[in-house]
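Here is final-v1.tsv, consisting of TSV, C-alpha atoms:
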chain	number	residue	atom	x	y	z
Z	86	LEU	CA	16.67	-126.93	124.52
Z	87	LYS	CA	13.38	-126.97	122.65
Z	88	TYR	CA	11.33	-130.12	122.73
Z	89	LYS	CA	9.16	-131.22	119.84
Z	90	VAL	CA	5.39	-131.04	120.13
Z	91	MET	CA	3.25	-133.53	118.27
Z	92	VAL	CA	-0.26	-132.59	117.20
Z	93	LEU	CA	-2.65	-135.55	117.26
Z	94	VAL	CA	-6.11	-135.29	115.70
Z	95	PHE	CA	-9.00	-137.64	116.40
Z	96	LYS	CA	-12.52	-138.17	115.09
Z	97	THR	CA	-14.84	-138.69	118.08
Z	98	ASN	CA	-18.46	-138.90	119.16
Z	99	ILE	CA	-17.74	-136.56	122.10
Z	100	PHE	CA	-20.03	-133.54	122.30
Z	101	ASN	CA	-19.65	-130.28	124.21
Z	102	GLN	CA	-21.57	-131.42	127.32
Z	103	LEU	CA	-18.90	-134.11	127.83
Z	104	GLU	CA	-15.87	-131.87	127.26
Z	105	ILE	CA	-15.05	-131.21	130.95
Z	106	HIS	CA	-15.45	-134.91	131.80
Z	107	VAL	CA	-13.17	-136.03	128.94
Z	108	ARG	CA	-10.56	-133.37	129.75
Z	109	ALA	CA	-10.46	-134.67	133.34
Z	110	MET	CA	-10.07	-138.25	132.11
Z	111	LEU	CA	-7.15	-137.25	129.86
Z	112	ASP	CA	-5.35	-135.55	132.78
Z	113	SER	CA	-3.67	-138.89	133.51
Z	114	PHE	CA	-1.59	-138.48	130.32
Z	115	THR	CA	1.38	-136.41	131.48
Z	116	GLN	CA	2.64	-136.13	127.89
Z	117	ILE	CA	-0.34	-133.94	126.91
Z	118	SER	CA	0.29	-130.19	126.93
Z	119	ALA	CA	-2.95	-129.00	125.27
Z	120	ILE	CA	-6.41	-130.34	124.49
Z	121	ASP	CA	-8.80	-128.70	122.04
Z	122	PHE	CA	-12.22	-129.73	120.76
Z	123	ASP	CA	-13.90	-128.61	117.54
Z	124	PHE	CA	-17.60	-129.33	117.92
Z	125	GLU	CA	-18.41	-127.30	114.79
Z	126	ASP	CA	-16.67	-129.99	112.73
Z	127	CYS	CA	-18.83	-132.96	111.68
Z	128	ASP	CA	-16.18	-135.31	113.13
Z	129	ASN	CA	-16.28	-133.68	116.62
Z	130	VAL	CA	-12.53	-133.30	116.36
Z	131	LEU	CA	-10.32	-133.75	119.40
Z	132	ARG	CA	-6.91	-132.12	118.90
Z	133	ILE	CA	-4.11	-132.89	121.33
Z	134	GLU	CA	-0.61	-131.47	121.65
Z	135	ALA	CA	1.76	-133.94	123.27
Z	136	SER	CA	5.47	-134.38	123.89
Z	137	LYS	CA	5.40	-137.83	122.25
Z	138	ASP	CA	3.10	-139.93	120.08
Z	139	VAL	CA	0.40	-141.17	122.45
Z	140	GLY	CA	-2.23	-141.43	119.70
Z	141	SER	CA	-2.84	-145.16	119.98
Z	142	GLU	CA	-2.95	-144.99	123.79
Z	143	ILE	CA	-5.52	-142.15	123.72
Z	144	GLU	CA	-7.58	-143.97	121.09
Z	145	PHE	CA	-7.57	-147.18	123.15
Z	146	PHE	CA	-8.25	-145.33	126.42
Z	147	LEU	CA	-11.28	-143.37	125.14
Z	148	ASN	CA	-12.68	-146.37	123.25
Z	149	SER	CA	-12.38	-148.47	126.43
Z	150	LYS	CA	-14.43	-145.79	128.25
Z	151	GLY	CA	-17.26	-146.16	125.73
Z	152	PHE	CA	-16.45	-143.28	123.38
Z	153	TYR	CA	-15.78	-143.51	119.66
Z	154	CYS	CA	-12.25	-142.25	119.03
Z	155	LYS	CA	-10.21	-142.78	115.86
Z	156	GLU	CA	-6.94	-141.02	115.08
Z	157	LEU	CA	-6.97	-139.13	111.77
Z	158	LEU	CA	-3.63	-139.68	110.07
Would you give me this structure, written as structure tokens?
Amino acid sequence: LKYKVMVLVFKTNIFNQLEIHVRAMLDSFTQISAIDFDFEDCDNVLRIEASKDVGSEIEFFLNSKGFYCKELL
């Protein structure tokens, strides 16, 4: 049985010095299978692979921690 993977993409203000910290914070989301950052992109893109749509939860979580995070739909 193959489960579906959702790819969620966010615009953030996270920069590479914060990557390890943010990855550790997102460890609490058991639905996440992969986290990728694109710091070359002007939107400092955070790309997440997850087993279900946790986009709004991630957005709320990171914003509540003082980061800018907006899901790109």
Let me know the centre plus edge lengths, in Å and rounded to one decimal, of a box with edges along x, y and z that contains all listed atoms of stretch 100-114 of chain Z and is padded by 6 Å on every side, as AutoDock Vina command-line options.
--center_x -11.6 --center_y -134.6 --center_z 127.9 --size_x 32.0 --size_y 20.6 --size_z 23.2
(message) Just checking: using only C-alpha atoms, which residue out of Z:Cys154, Z:Cys127, Z:Ile120, Z:Met91 ends up closest to Z:Ile105?
(response)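 Smallest distance to Z:Ile105 is found for Z:Ile120.
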(request) Would you mind telling me which residue in Z:Arg108, Z:Asn101, Z:Asn148, Z:Val139 lies nearest to Z:Glu125 when using all atoms listed in the file? (result)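 Ranked by minimum distance to Z:Glu125, first place goes to Z:Asn101.
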(message) List the spatial neighbours of Z:Leu131 as number ranges by chain - criterion: any atom at most 10 Å away, all atoms listed in the file, same-chain residues fewer than 6 positions off excluded.
(response) Z: 93-99, 104, 120-124, 154-157
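Of note, atom CA of Z:Ala119 and atom CA of Z:Ala135 are spaced 7.1 Å apart.
Closest to Z:Lys137 among Z:Val92, Z:Leu111, Z:Leu103, Z:Leu158 is Z:Val92, based on only C-alpha atoms.
The coordinates place atom CA of Z:Asp112 at 23.7 Å from atom CA of Z:Asp126.
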(message) I'd like to know which of Z:Gly140, Z:Leu147, Z:Val107, Z:Gln116 is closest to Z:Val90, using all atoms listed in the file.
(response)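 Closest residue, counting all atoms listed in the file: Z:Gln116.
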(request) Measure the distance from atom CA of Z:Ser136 to atom CA of Z:Met110 in Å and round it to one decimal. (result)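 Result for atom CA of Z:Ser136 versus atom CA of Z:Met110: 18.0 Å, one decimal.
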